[in-house]
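Trainee: Hey, dropping my_file_14.cif in here, mmCIF, C-alpha atoms:
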data_structure
#
loop_
_atom_site.label_atom_id
_atom_site.label_comp_id
_atom_site.auth_asym_id
_atom_site.auth_seq_id
_atom_site.Cartn_x
_atom_site.Cartn_y
_atom_site.Cartn_z
CA MET Y 294 0.00 0.00 0.00
CA ASN Y 295 1.39 3.39 -0.83
CA SER Y 296 1.90 5.98 1.90
CA LYS Y 297 -0.80 8.31 0.62
CA THR Y 298 -3.51 5.67 0.98
CA ARG Y 299 -2.13 4.57 4.30
CA ASP Y 300 -2.17 8.09 5.71
CA ALA Y 301 -5.66 8.64 4.41
CA ILE Y 302 -6.95 5.50 6.10
CA LEU Y 303 -5.10 6.14 9.36
CA SER Y 304 -6.31 9.69 9.63
CA HIS Y 305 -9.90 8.46 9.60
CA GLN Y 306 -9.26 5.45 11.81
CA THR Y 307 -11.86 6.20 14.47
CA SER Y 308 -14.72 6.98 12.13
CA ILE Y 309 -13.96 3.88 10.02
CA ILE Y 310 -13.90 1.70 13.13
CA ASP Y 311 -17.17 3.07 14.45
CA TYR Y 312 -18.92 2.73 11.12
CA TRP Y 313 -17.55 -0.77 10.63
CA LEU Y 314 -18.62 -1.98 14.08
CA GLU Y 315 -22.10 -0.73 13.31
CA GLU Y 316 -22.16 -2.56 9.96
CA VAL Y 317 -20.88 -5.80 11.42
CA SER Y 318 -23.42 -5.80 14.22
CA LYS Y 319 -26.11 -5.98 11.53
CA PHE Y 320 -24.83 -9.37 10.37
CA ARG Y 321 -25.21 -10.75 13.83
CA SER Y 322 -28.79 -11.92 13.44
CA GLU Y 323 -28.19 -13.53 10.03
CA ASP Y 324 -25.08 -15.47 10.90
CA ASN Y 325 -25.19 -18.56 13.03
CA LEU Y 326 -23.52 -16.59 15.77
CA GLN Y 327 -26.51 -16.11 18.03
CA SER Y 328 -25.13 -18.43 20.66
CA ILE Y 329 -22.17 -16.13 21.23
CA THR Y 330 -22.63 -13.53 23.94
CA ASN Y 331 -22.71 -9.86 23.01
CA LYS Y 332 -19.58 -9.21 24.99
CA VAL Y 333 -17.56 -11.86 23.15
CA TYR Y 334 -18.92 -10.71 19.81
CA GLU Y 335 -17.96 -7.10 20.47
CA ASN Y 336 -14.51 -8.03 21.71
CA THR Y 337 -13.89 -10.21 18.69
CA ASN Y 338 -15.03 -7.46 16.34
CA ARG Y 339 -12.80 -4.94 18.02
CA GLU Y 340 -9.84 -7.27 17.89
CA PHE Y 341 -10.51 -7.99 14.23
CA VAL Y 342 -10.55 -4.32 13.29
CA ASP Y 343 -7.45 -3.63 15.38
CA LYS Y 344 -5.60 -6.38 13.57
CA LEU Y 345 -6.72 -4.95 10.25
CA PHE Y 346 -5.36 -1.56 11.18
CA LEU Y 347 -2.13 -3.13 12.29
CA THR Y 348 -1.67 -4.41 8.73
CA VAL Y 349 -2.15 -0.84 7.53
CA GLN Y 350 0.33 0.65 9.96
CA ASN Y 351 3.13 -1.86 9.53
CA GLY Y 352 5.04 -1.80 6.34
CA LYS Y 353 7.12 -4.83 7.20
CA ASP Y 354 7.08 -8.39 5.89
CA ASP Y 355 5.43 -10.06 8.84
CA ILE Y 356 2.44 -7.74 8.90
CA TYR Y 357 0.03 -10.63 8.56
CA LYS Y 358 1.46 -12.68 11.40
CA ASP Y 359 -0.91 -11.27 14.00
CA LEU Y 360 -3.84 -11.63 11.63
CA ILE Y 361 -3.03 -15.30 11.03
CA LEU Y 362 -2.76 -15.96 14.75
CA TYR Y 363 -6.11 -14.28 15.21
CA ALA Y 364 -7.64 -16.40 12.41
CA GLU Y 365 -6.25 -19.56 13.94
CA ARG Y 366 -7.95 -18.71 17.19
CA LEU Y 367 -11.27 -18.11 15.44
CA ILE Y 368 -10.93 -21.45 13.64
CA GLN Y 369 -10.32 -23.24 16.92
CA LEU Y 370 -13.34 -21.58 18.48
CA GLY Y 371 -15.39 -22.63 15.45
CA TRP Y 372 -16.37 -19.22 14.09
CA PRO Y 373 -17.69 -19.45 10.55
CA LEU Y 374 -15.60 -18.29 7.60
CA ASN Y 375 -18.64 -16.27 6.69
CA TYR Y 376 -17.89 -13.91 9.58
CA ILE Y 377 -14.45 -13.09 8.21
CA THR Y 378 -15.40 -12.64 4.57
CA ARG Y 379 -18.39 -10.48 5.42
CA GLY Y 380 -16.38 -8.51 7.90
CA LEU Y 381 -13.78 -7.76 5.25
CA GLN Y 382 -16.37 -6.85 2.64
CA ALA Y 383 -17.94 -4.46 5.11
CA PHE Y 384 -14.53 -3.05 5.87
CA ARG Y 385 -13.86 -2.28 2.22
CA LYS Y 386 -17.25 -0.65 1.84
CA VAL Y 387 -16.81 1.40 5.01
CA THR Y 388 -13.31 2.55 4.15
CA VAL Y 389 -14.19 3.61 0.63
CA GLU Y 390 -17.34 5.41 1.75
CA THR Y 391 -15.72 7.23 4.63
CA LEU Y 392 -12.72 8.36 2.64
CA SER Y 393 -14.61 9.43 -0.46
CA LYS Y 394 -16.73 11.66 1.75
CA ALA Y 395 -13.71 13.20 3.41
CA GLU Y 396 -10.92 13.47 0.86
CA GLU Y 397 -12.34 14.85 -2.28
CA ASN Y 398 -9.60 14.42 -4.83
CA TYR Y 399 -7.31 11.52 -4.15
CA SER Y 400 -9.98 9.14 -2.91
CA LYS Y 401 -11.80 9.36 -6.23
CA SER Y 402 -8.79 8.23 -8.22
CA ILE Y 403 -8.51 4.74 -9.69
CA GLU Y 404 -5.19 4.30 -7.95
CA PHE Y 405 -6.77 4.70 -4.55
CA PHE Y 406 -9.41 2.06 -5.29
CA GLN Y 407 -6.79 -0.32 -6.56
CA GLU Y 408 -4.73 0.11 -3.43
CA ILE Y 409 -7.71 -0.70 -1.25
CA GLU Y 410 -8.75 -3.64 -3.45
CA ASN Y 411 -5.29 -5.16 -3.41
CA TRP Y 412 -4.96 -4.76 0.30
CA ILE Y 413 -8.35 -6.38 1.11
CA ASP Y 414 -7.88 -9.13 -1.50
CA GLU Y 415 -4.56 -10.08 0.01
CA ILE Y 416 -6.10 -10.36 3.47
CA VAL Y 417 -9.05 -12.38 2.11
CA ASN Y 418 -6.63 -14.78 0.43
CA ILE Y 419 -4.59 -15.26 3.57
CA LEU Y 420 -7.56 -15.86 5.84
CA VAL Y 421 -9.43 -18.13 3.42
CA ASN Y 422 -6.23 -20.12 3.00
CA GLU Y 423 -5.94 -20.52 6.75
CA TYR Y 424 -9.53 -21.74 6.97
CA SER Y 425 -9.42 -24.14 4.02
CA GLY Y 426 -6.08 -25.49 5.20
CA SER Y 427 -7.62 -26.32 8.55
CA TRP Y 428 -10.61 -28.00 6.84
CA GLU Y 429 -8.41 -30.06 4.55
CA ASN Y 430 -6.43 -31.13 7.56
CA THR Y 431 -9.59 -32.17 9.41
CA VAL Y 432 -10.90 -34.12 6.44
CA PHE Y 433 -7.56 -35.86 6.05
CA LEU Y 434 -7.45 -36.81 9.74
CA GLN Y 435 -10.99 -38.11 9.65
CA LYS Y 436 -10.23 -40.16 6.57
CA MET Y 437 -7.28 -41.69 8.39
CA ALA Y 438 -9.41 -42.36 11.47
CA LEU Y 439 -12.06 -43.98 9.28
CA LYS Y 440 -9.46 -46.14 7.64
CA GLU Y 441 -8.19 -47.28 11.01
CA LEU Y 442 -11.57 -48.57 12.06
CA SER Y 443 -12.28 -49.90 8.63
CA ALA Y 444 -12.09 -53.66 8.62
CA PRO Y 445 -10.32 -55.45 11.44
CA LEU Y 446 -10.01 -59.22 11.43
CA ILE Y 447 -10.24 -60.51 14.98
CA PRO Y 448 -9.07 -64.00 15.90
CA VAL Y 449 -11.63 -65.26 18.43
CA PHE Y 450 -10.62 -68.92 18.71
CA GLU Y 451 -7.86 -70.92 17.23
CA LYS Y 452 -8.65 -71.31 13.51
CA ILE Y 453 -11.66 -69.00 13.78
CA SER Y 454 -11.62 -65.27 12.99
CA VAL Y 455 -14.35 -62.65 12.84
CA MET Y 456 -14.57 -59.57 10.67
CA PRO Y 457 -17.24 -57.18 11.91
CA LEU Y 458 -18.27 -54.65 9.28
CA ILE Y 459 -19.81 -51.39 10.43
CA GLY Y 460 -21.07 -48.56 8.24
CA THR Y 461 -21.13 -47.89 4.55
CA ILE Y 462 -18.95 -49.97 2.29
CA ASP Y 463 -17.47 -47.98 -0.56
CA THR Y 464 -14.96 -49.08 -3.16
CA GLU Y 465 -11.96 -48.14 -1.05
CA ARG Y 466 -13.24 -49.99 2.00
CA ALA Y 467 -14.17 -53.01 -0.09
CA LYS Y 468 -10.56 -53.21 -1.21
CA LEU Y 469 -9.36 -52.97 2.41
CA ILE Y 470 -11.79 -55.67 3.49
CA MET Y 471 -10.42 -58.02 0.87
CA GLU Y 472 -6.80 -57.29 1.79
CA ASN Y 473 -7.27 -57.55 5.55
CA LEU Y 474 -9.32 -60.70 5.14
CA LEU Y 475 -6.74 -62.52 3.09
CA GLU Y 476 -3.76 -61.31 5.10
CA GLY Y 477 -5.51 -62.12 8.36
CA VAL Y 478 -6.54 -65.60 7.25
CA ILE Y 479 -2.92 -66.45 6.51
CA GLU Y 480 -1.52 -64.70 9.59
CA HIS Y 481 -3.93 -66.23 12.10
CA ARG Y 482 -4.08 -69.57 10.24
CA ALA Y 483 -7.83 -69.27 10.22
CA GLU Y 484 -9.91 -72.07 8.80
CA VAL Y 485 -13.24 -70.34 9.20
CA VAL Y 486 -13.89 -66.62 8.82
CA LEU Y 487 -17.13 -65.02 9.95
CA ILE Y 488 -18.11 -61.80 8.20
CA ASP Y 489 -20.59 -59.93 10.36
CA ILE Y 490 -22.76 -57.41 8.50
CA THR Y 491 -25.01 -56.40 11.41
CA GLY Y 492 -23.68 -52.86 11.20
CA VAL Y 493 -23.95 -52.42 7.43
CA PRO Y 494 -26.97 -50.19 6.79
CA VAL Y 495 -27.62 -51.08 3.16
CA VAL Y 496 -26.69 -54.20 1.24
CA ASP Y 497 -27.03 -53.39 -2.44
CA THR Y 498 -25.66 -55.32 -5.39
CA MET Y 499 -22.24 -53.73 -5.09
CA VAL Y 500 -21.82 -54.59 -1.42
CA ALA Y 501 -23.07 -58.11 -2.09
CA HIS Y 502 -20.71 -58.40 -5.01
CA HIS Y 503 -17.74 -57.39 -2.87
CA ILE Y 504 -18.71 -59.84 -0.14
CA ILE Y 505 -19.11 -62.65 -2.66
CA GLN Y 506 -15.73 -61.86 -4.17
CA ALA Y 507 -14.08 -61.70 -0.76
CA SER Y 508 -15.48 -65.06 0.27
CA GLU Y 509 -14.44 -66.57 -3.05
CA ALA Y 510 -10.90 -65.33 -2.43
CA VAL Y 511 -10.97 -66.73 1.09
CA ARG Y 512 -12.00 -70.08 -0.34
CA LEU Y 513 -9.00 -69.96 -2.67
CA VAL Y 514 -6.57 -69.61 0.24
CA GLY Y 515 -8.14 -72.65 1.85
CA ALA Y 516 -10.54 -71.23 4.42
CA LYS Y 517 -14.29 -71.09 4.71
CA CYS Y 518 -16.43 -67.98 4.91
CA ILE Y 519 -19.69 -67.64 6.82
CA LEU Y 520 -21.84 -64.55 6.46
CA VAL Y 521 -23.56 -63.61 9.71
CA GLY Y 522 -25.71 -60.81 11.07
CA ILE Y 523 -28.23 -60.67 8.24
CA ARG Y 524 -31.16 -58.69 9.55
CA PRO Y 525 -34.66 -59.70 8.34
CA GLU Y 526 -35.14 -56.58 6.20
CA ILE Y 527 -31.73 -57.07 4.61
CA ALA Y 528 -32.62 -60.71 3.88
CA GLN Y 529 -35.77 -59.54 2.08
CA THR Y 530 -33.98 -56.93 0.00
CA ILE Y 531 -31.30 -59.44 -0.97
CA VAL Y 532 -34.02 -61.81 -2.20
CA ASN Y 533 -35.82 -58.96 -4.02
CA LEU Y 534 -32.64 -57.87 -5.71
CA GLY Y 535 -32.19 -61.45 -6.87
CA ILE Y 536 -28.70 -61.83 -5.42
CA ASP Y 537 -27.68 -65.46 -5.24
CA LEU Y 538 -25.98 -66.15 -1.92
CA GLY Y 539 -26.81 -69.86 -2.20
CA ARG Y 540 -23.20 -70.85 -2.62
CA PHE Y 541 -22.02 -69.73 0.74
CA PRO Y 542 -23.28 -70.42 4.22
CA THR Y 543 -25.11 -67.71 6.15
CA LYS Y 544 -26.34 -67.50 9.73
CA SER Y 545 -28.60 -64.96 11.37
CA THR Y 546 -26.36 -64.10 14.32
CA LEU Y 547 -22.69 -64.11 15.18
CA LYS Y 548 -23.40 -66.58 18.00
CA LYS Y 549 -24.86 -69.15 15.63
CA GLY Y 550 -22.03 -68.50 13.22
CA ILE Y 551 -19.45 -69.27 15.90
CA GLU Y 552 -21.26 -72.49 16.84
CA THR Y 553 -21.19 -73.56 13.20
CA ALA Y 554 -17.54 -72.57 12.90
CA LEU Y 555 -16.67 -74.68 15.95
CA GLN Y 556 -18.52 -77.61 14.43
CA LEU Y 557 -16.62 -77.19 11.21
CA THR Y 558 -13.34 -77.29 13.12
CA LYS Y 559 -14.62 -80.28 15.13
CA ARG Y 560 -15.01 -78.54 18.46
CA GLU Y 561 -17.85 -77.37 20.66
CA ILE Y 562 -18.56 -75.26 23.71
CA ILE Y 563 -19.31 -77.26 26.83
CA GLU Y 564 -20.51 -76.33 30.29
CA ILE Y 565 -18.60 -77.41 33.36
CA SER Y 566 -20.82 -78.49 36.25
CA GLU Y 567 -20.17 -77.23 39.79
CA GLN Y 568 -18.90 -80.64 40.86
CA GLY Y 569 -16.15 -80.28 38.35
CA GLY Y 570 -17.49 -82.89 36.00
CA ILE Y 571 -18.21 -82.15 32.40
CA THR Y 572 -21.77 -82.03 31.14
CA TYR Y 573 -22.31 -81.75 27.46
CA GLU Y 574 -24.54 -79.00 26.26
CA ASN Y 575 -25.94 -81.30 23.61
CA SER Y 576 -27.38 -84.56 24.88
CA ASN Y 577 -25.25 -86.67 22.56
CA PRO Y 578 -21.72 -86.75 23.94
CA MET Q 29 -47.27 -30.62 2.04
CA GLN Q 30 -45.01 -31.98 -0.65
CA VAL Q 31 -41.57 -32.76 0.58
CA GLN Q 32 -38.82 -32.76 -2.00
CA THR Q 33 -35.15 -33.43 -1.71
CA HIS Q 34 -32.43 -33.17 -4.31
CA VAL Q 35 -29.08 -34.80 -3.95
CA ASP Q 36 -26.21 -34.28 -6.36
CA ILE Q 37 -24.25 -37.41 -7.11
CA ASN Q 38 -20.67 -36.69 -8.04
CA SER Q 39 -18.73 -38.90 -5.66
CA GLU Q 40 -19.32 -42.06 -3.69
CA TRP Q 41 -20.37 -39.92 -0.73
CA GLY Q 42 -23.27 -38.61 -2.79
CA ILE Q 43 -24.65 -42.13 -2.79
CA VAL Q 44 -24.60 -42.16 1.00
CA ALA Q 45 -26.24 -38.73 1.18
CA ALA Q 46 -29.01 -39.78 -1.24
CA ARG Q 47 -29.61 -42.94 0.72
CA GLN Q 48 -29.89 -41.11 4.02
CA ALA Q 49 -32.27 -38.53 2.55
CA GLY Q 50 -34.41 -41.34 1.16
CA ARG Q 51 -34.48 -43.27 4.42
CA LYS Q 52 -35.43 -40.15 6.33
CA LEU Q 53 -38.35 -39.31 4.05
CA ALA Q 54 -39.51 -42.95 3.90
CA ARG Q 55 -39.57 -43.04 7.68
CA GLU Q 56 -41.51 -39.79 7.85
CA ILE Q 57 -44.11 -41.06 5.35
CA GLY Q 58 -44.55 -44.08 7.57
CA PHE Q 59 -42.93 -46.97 5.74
CA GLY Q 60 -42.00 -49.99 7.84
CA SER Q 61 -38.42 -51.10 8.32
CA VAL Q 62 -38.51 -53.63 5.49
CA ASP Q 63 -39.85 -51.10 3.00
CA GLN Q 64 -37.37 -48.52 4.28
CA ALA Q 65 -34.60 -50.99 3.52
CA ARG Q 66 -36.09 -51.64 0.06
CA ILE Q 67 -36.31 -47.93 -0.71
CA THR Q 68 -32.80 -47.15 0.50
CA THR Q 69 -31.39 -50.09 -1.41
CA ALA Q 70 -33.17 -48.96 -4.59
CA ILE Q 71 -31.79 -45.43 -4.15
CA SER Q 72 -28.36 -46.89 -3.55
CA GLU Q 73 -28.52 -48.87 -6.80
CA LEU Q 74 -29.76 -45.91 -8.84
CA ALA Q 75 -27.22 -43.52 -7.34
CA ARG Q 76 -24.42 -45.99 -7.86
CA ASN Q 77 -25.40 -46.43 -11.50
CA ILE Q 78 -25.17 -42.67 -11.93
CA TYR Q 79 -21.76 -42.60 -10.28
CA LEU Q 80 -20.44 -45.62 -12.20
CA TYR Q 81 -21.68 -44.85 -15.69
CA ALA Q 82 -22.42 -41.13 -15.91
CA ASN Q 83 -20.03 -39.80 -13.22
CA LYS Q 84 -22.54 -37.20 -12.14
CA GLY Q 85 -26.26 -36.67 -11.92
CA GLN Q 86 -29.05 -36.05 -9.45
CA ILE Q 87 -31.42 -38.01 -7.30
CA HIS Q 88 -34.75 -36.36 -6.56
CA ILE Q 89 -36.87 -37.79 -3.79
CA GLU Q 90 -40.42 -36.65 -3.12
CA GLU Q 91 -43.55 -37.59 -1.32
CA LEU Q 92 -46.56 -38.58 -3.44
CA THR Q 93 -50.26 -38.42 -2.69
CA ASP Q 94 -52.70 -39.86 -5.16
CA SER Q 95 -56.39 -40.43 -4.32
CA GLY Q 96 -55.73 -41.13 -0.67
CA ARG Q 97 -52.65 -43.23 -1.29
CA ARG Q 98 -49.27 -42.07 -0.09
CA GLY Q 99 -46.00 -43.02 -1.54
CA ILE Q 100 -42.44 -42.04 -2.31
CA LYS Q 101 -41.13 -41.18 -5.75
CA ILE Q 102 -37.48 -41.35 -6.66
CA LEU Q 103 -36.15 -39.79 -9.81
CA ALA Q 104 -32.62 -40.49 -11.00
CA ILE Q 105 -31.37 -38.24 -13.79
CA ASP Q 106 -28.04 -38.04 -15.53
CA ASP Q 107 -26.74 -36.84 -18.86
CA GLY Q 108 -24.26 -39.64 -19.24
CA PRO Q 109 -23.71 -42.10 -22.07
CA GLY Q 110 -27.24 -43.53 -21.94
CA ILE Q 111 -28.25 -47.17 -22.27
CA LYS Q 112 -27.99 -48.83 -25.68
CA ASP Q 113 -30.39 -51.68 -25.14
CA VAL Q 114 -32.84 -51.02 -22.32
CA ARG Q 115 -34.38 -54.49 -22.62
CA ARG Q 116 -31.04 -56.16 -21.98
CA VAL Q 117 -30.16 -54.16 -18.85
CA MET Q 118 -33.49 -55.28 -17.41
CA GLU Q 119 -32.40 -58.91 -17.72
CA ASP Q 120 -30.94 -60.53 -14.63
CA GLY Q 121 -27.23 -61.12 -14.88
CA PHE Q 122 -26.50 -58.66 -17.66
CA THR Q 123 -23.65 -56.35 -16.74
CA THR Q 124 -21.12 -54.15 -18.47
CA SER Q 125 -19.13 -53.29 -15.35
CA GLY Q 126 -18.27 -56.75 -14.05
CA GLY Q 127 -20.88 -56.50 -11.29
CA LEU Q 128 -23.68 -58.89 -10.49
CA GLY Q 129 -26.04 -57.51 -13.10
CA ALA Q 130 -28.88 -57.44 -10.60
CA GLY Q 131 -29.10 -53.66 -10.19
CA LEU Q 132 -31.92 -52.42 -12.40
CA PRO Q 133 -34.04 -55.58 -12.47
CA GLY Q 134 -33.54 -55.69 -8.71
CA VAL Q 135 -34.75 -52.10 -8.31
CA LYS Q 136 -37.83 -52.98 -10.36
CA ARG Q 137 -38.61 -55.82 -7.98
CA LEU Q 138 -37.94 -53.69 -4.90
CA MET Q 139 -40.33 -50.94 -5.96
CA ASP Q 140 -43.94 -50.81 -7.23
CA ASP Q 141 -43.64 -48.63 -10.34
CA PHE Q 142 -40.62 -48.47 -12.59
CA LYS Q 143 -40.10 -46.31 -15.64
CA ILE Q 144 -36.93 -45.86 -17.62
CA ASP Q 145 -36.15 -43.38 -20.41
CA SER Q 146 -32.75 -43.49 -21.93
CA GLU Q 147 -31.18 -42.17 -25.06
CA VAL Q 148 -27.67 -42.99 -26.17
CA ASN Q 149 -25.30 -40.05 -25.67
CA SER Q 150 -27.87 -37.84 -24.04
CA GLY Q 151 -28.65 -39.45 -20.72
CA THR Q 152 -30.90 -41.61 -18.62
CA LYS Q 153 -33.93 -40.87 -16.51
CA ILE Q 154 -35.37 -43.47 -14.17
CA THR Q 155 -38.50 -42.94 -12.10
CA VAL Q 156 -39.53 -45.39 -9.40
CA ILE Q 157 -42.40 -45.28 -6.95
CA LYS Q 158 -43.21 -47.21 -3.81
CA TRP Q 159 -46.72 -46.96 -2.39
CA LEU Q 160 -47.49 -47.10 1.29
CA ARG Q 161 -49.76 -50.01 2.08
#
Hey, can you dump this file as structure tokens for me?

Mentor:
Amino acid sequence: MNSKTRDAILSHQTSIIDYWLEEVSKFRSEDNLQSITNKVYENTNREFVDKLFLTVQNGKDDIYKDLILYAERLIQLGWPLNYITRGLQAFRKVTVETLSKAEENYSKSIEFFQEIENWIDEIVNILVNEYSGSWENTVFLQKMALKELSAPLIPVFEKISVMPLIGTIDTERAKLIMENLLEGVIEHRAEVVLIDITGVPVVDTMVAHHIIQASEAVRLVGAKCILVGIRPEIAQTIVNLGIDLGRFPTKSTLKKGIETALQLTKREIIEISEQGGITYENSNP
Amino acid sequence: MQVQTHVDINSEWGIVAARQAGRKLAREIGFGSVDQARITTAISELARNIYLYANKGQIHIEELTDSGRRGIKILAIDDGPGIKDVRRVMEDGFTTSGGLGAGLPGVKRLMDDFKIDSEVNSGTKITVIKWLR
């Protein structure tokens, strides 16, 4: 910013600030900022405008450092980006109006407008960058967190593992399911794998296709796959869709699936009586 | 009052959004859990077809009232490559993407009314309706 513009703005500092505060308080009702107390809102506004004037006063390189710190704080507190962009738009309007009233000649020149435009645009860029950077970061972290809880294979007994699936299955997750399943089967030397779909909200043809493919791959590495946790409404939609799950065993609950898996590996769960003797759960020993 | 929702499908997350919007409206209209599952699955199939074949499009979901009957109407529109042979895609087991080939015929069985308009190189429009019983 050239010194002429800077002096012009600084000489009208108080009237610009007052006018701006008035403008910004009008946004209050429209923004989703109603939950913030008046005191906090006023303080934040005042701090915002002070930081803006700091960028006018300083001619040095790190003039935006304070502004960035301020933006970071707003981001942490969860203030909307809307507040900043509108605040800056109001600031441009207020500055131009105030100065064109006061300084007749210079403030009507193109150069003056360009100076103001450049200055505000630069600040908008910096602040929007801060905000979008923080969003991108959040999205990235959430993606990583989602991936972590994606598809674990849990060994529950020797030779028996369970893969509980929760939530939507998209292409990326389907790939992970397949990988974890095959790696886990080899690592845990599983002979039976139970895939539990209790937590999958919708089983459409793609999800079914992925499950069928996964179980086919499991069969190729020498293990058996049992699909468990099929809710009644899911069973009906699978039939309606005409998906053929006839080739691989299914059970309604994980409990029944584990019983079947134990049978397949020639074991069973027995109860031990209080006397210390063994009583078989089934009547045939 | 007519409730209408539009969901843009341009990523896999659009499919999830469309599904959730559909389930919400179906629940509000009063569909039971089995029909809710049918409706959401149908939306999922239609939205996935848009994403797979046309890359982007829209799902419109609205409530229907017709001579005392209530229902839900789902409209899937895209301006993708279109379907060459509509009769073949309605056959079970026909697929061009390596899937199960149960999508569209499955949707027809899940819902009560099914209408498809498609023109090669100009897009596809599928309307399905489920009535509340």

Trainee: Taking only C-alpha atoms into account, which of Q:Arg66, Q:Arg51, Q:His88, Q:Lys153 comes nearest His34 (chain Q)?

Mentor: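 So, comparing all the options, the nearest one is Q:His88.
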
Trainee: Give me the result of the PyMOL selection byres ((chain Q) within 9 of (chain Y)) on this file, residue by residue, as a JSON list (two decimals) with C-alpha atoms, in the coordinates of the input.

Mentor:
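Saved as part-v8.json:
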[["chain", "number", "residue", "atom", "x", "y", "z"],
["Q", 40, "GLU", "CA", -19.32, -42.06, -3.69],
["Q", 41, "TRP", "CA", -20.37, -39.92, -0.73],
["Q", 44, "VAL", "CA", -24.60, -42.16, 1.00],
["Q", 47, "ARG", "CA", -29.61, -42.94, 0.72],
["Q", 61, "SER", "CA", -38.42, -51.10, 8.32],
["Q", 62, "VAL", "CA", -38.51, -53.63, 5.49],
["Q", 63, "ASP", "CA", -39.85, -51.10, 3.00],
["Q", 64, "GLN", "CA", -37.37, -48.52, 4.28],
["Q", 65, "ALA", "CA", -34.60, -50.99, 3.52],
["Q", 66, "ARG", "CA", -36.09, -51.64, 0.06],
["Q", 68, "THR", "CA", -32.80, -47.15, 0.50],
["Q", 69, "THR", "CA", -31.39, -50.09, -1.41],
["Q", 70, "ALA", "CA", -33.17, -48.96, -4.59],
["Q", 72, "SER", "CA", -28.36, -46.89, -3.55],
["Q", 73, "GLU", "CA", -28.52, -48.87, -6.80],
["Q", 76, "ARG", "CA", -24.42, -45.99, -7.86],
["Q", 120, "ASP", "CA", -30.94, -60.53, -14.63],
["Q", 127, "GLY", "CA", -20.88, -56.50, -11.29],
["Q", 128, "LEU", "CA", -23.68, -58.89, -10.49],
["Q", 129, "GLY", "CA", -26.04, -57.51, -13.10],
["Q", 130, "ALA", "CA", -28.88, -57.44, -10.60],
["Q", 131, "GLY", "CA", -29.10, -53.66, -10.19],
["Q", 132, "LEU", "CA", -31.92, -52.42, -12.40],
["Q", 133, "PRO", "CA", -34.04, -55.58, -12.47],
["Q", 134, "GLY", "CA", -33.54, -55.69, -8.71],
["Q", 135, "VAL", "CA", -34.75, -52.10, -8.31],
["Q", 136, "LYS", "CA", -37.83, -52.98, -10.36],
["Q", 137, "ARG", "CA", -38.61, -55.82, -7.98],
["Q", 138, "LEU", "CA", -37.94, -53.69, -4.90]]

Trainee: List, as an MDAnalysis selection string, every residue that the PyMOL selection byres ((chain Y and resi 416) around 12) selects in the file provided.

Mentor: chainID Y and resid 341 344:346 348:349 356:361 364 377:378 380:382 384:385 409:415 417:423

Trainee: Neighbouring residues of Glu147 (chain Q) were defined as those with any atom within 10 Å, considering only C-alpha atoms; residues of the same chain fewer than 6 positions away were excluded. Please report them as a PDB file with C-alpha atoms, keeping the file's coordinate frame.

Mentor:
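Result went into part-v9.pdb, see below:
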ATOM      1  CA  ASP Q 107     -26.740 -36.840 -18.860  1.00  0.00           C
ATOM      2  CA  GLY Q 108     -24.260 -39.640 -19.240  1.00  0.00           C
ATOM      3  CA  PRO Q 109     -23.710 -42.100 -22.070  1.00  0.00           C
ATOM      4  CA  GLY Q 110     -27.240 -43.530 -21.940  1.00  0.00           C
ATOM      5  CA  ILE Q 111     -28.250 -47.170 -22.270  1.00  0.00           C
ATOM      6  CA  LYS Q 112     -27.990 -48.830 -25.680  1.00  0.00           C
ATOM      7  CA  ASP Q 113     -30.390 -51.680 -25.140  1.00  0.00           C
ATOM      8  CA  VAL Q 114     -32.840 -51.020 -22.320  1.00  0.00           C
ATOM      9  CA  LYS Q 153     -33.930 -40.870 -16.510  1.00  0.00           C
TER      10      LYS Q 153
END

Trainee: Once the PyMOL selection byres ((chain Q and resi 57) around 10) has been applied to the shown file, what residues remain in the selection, as a ChimeraX atom specification?

Mentor: /Q:31,51-56,58-60,91-92,98-100,160

Trainee: Identify, on the basis of all atoms listed in the file, every residue whose closest approach to Val35 (chain Q) does not exceed 12 Å; exclude the query and any residue fewer than 3 positions from it along the same chain; express the result as a list in words.

Mentor: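 These residues fall inside the cut-off: Gln32, Asn38, Ser39, Trp41, Gly42, Ile43, Val44, Ala45, Ala46, Arg47, Gln48, Ala49, Gly50, Ile71, Ala75, Ile78, Lys84, Gly85, Gln86, Ile87, His88, Ile89, Glu90, Ile102, Leu103, Ala104 and Ile105 of chain Q.
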
Trainee: Kindly give the distance, in Å, that separates CA of Leu458 (chain Y) and CA of Glu561 (chain Y), rounded to a single decimal.

Mentor: 25.4 Å

Trainee: Choose the residue, out of Y:Ile459, Y:Ala383, Y:Val389, Y:Leu439, that has the smallest atom-to-atom separation from Phe320 (chain Y); count all atoms listed in the file.

Mentor: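 Comparing Y:Ile459, Y:Ala383, Y:Val389, Y:Leu439 against Phe320 (chain Y), the winner is Y:Ala383.
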
Trainee: Record the distance separating CA of Arg97 (chain Q) and CA of Met139 (chain Q), expressed in Å with one decimal.

Mentor: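 Answer for the CA of Arg97 (chain Q) to CA of Met139 (chain Q) separation: 15.3 Å.
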
Trainee: Of the candidates Q:Tyr79, Q:Ile67, Q:Lys101, Q:Asp140, which one gets nearest to Thr33 (chain Q) if we count all atoms listed in the file?

Mentor: Q:Lys101

Trainee: Pick out the residues sitting within 8 Å of region 549-560 of chain Y, and hand them over as a ChimeraX atom specification; count only C-alpha atoms, and ignore anything fewer than 3 positions along from it in its own chain.

Mentor: /Y:452-453,484-485,487,519-521,543-546

Trainee: To one decimal in Å, tell me the separation between CA of Val387 (chain Y) and CA of Thr337 (chain Y).

Mentor: 18.2 Å
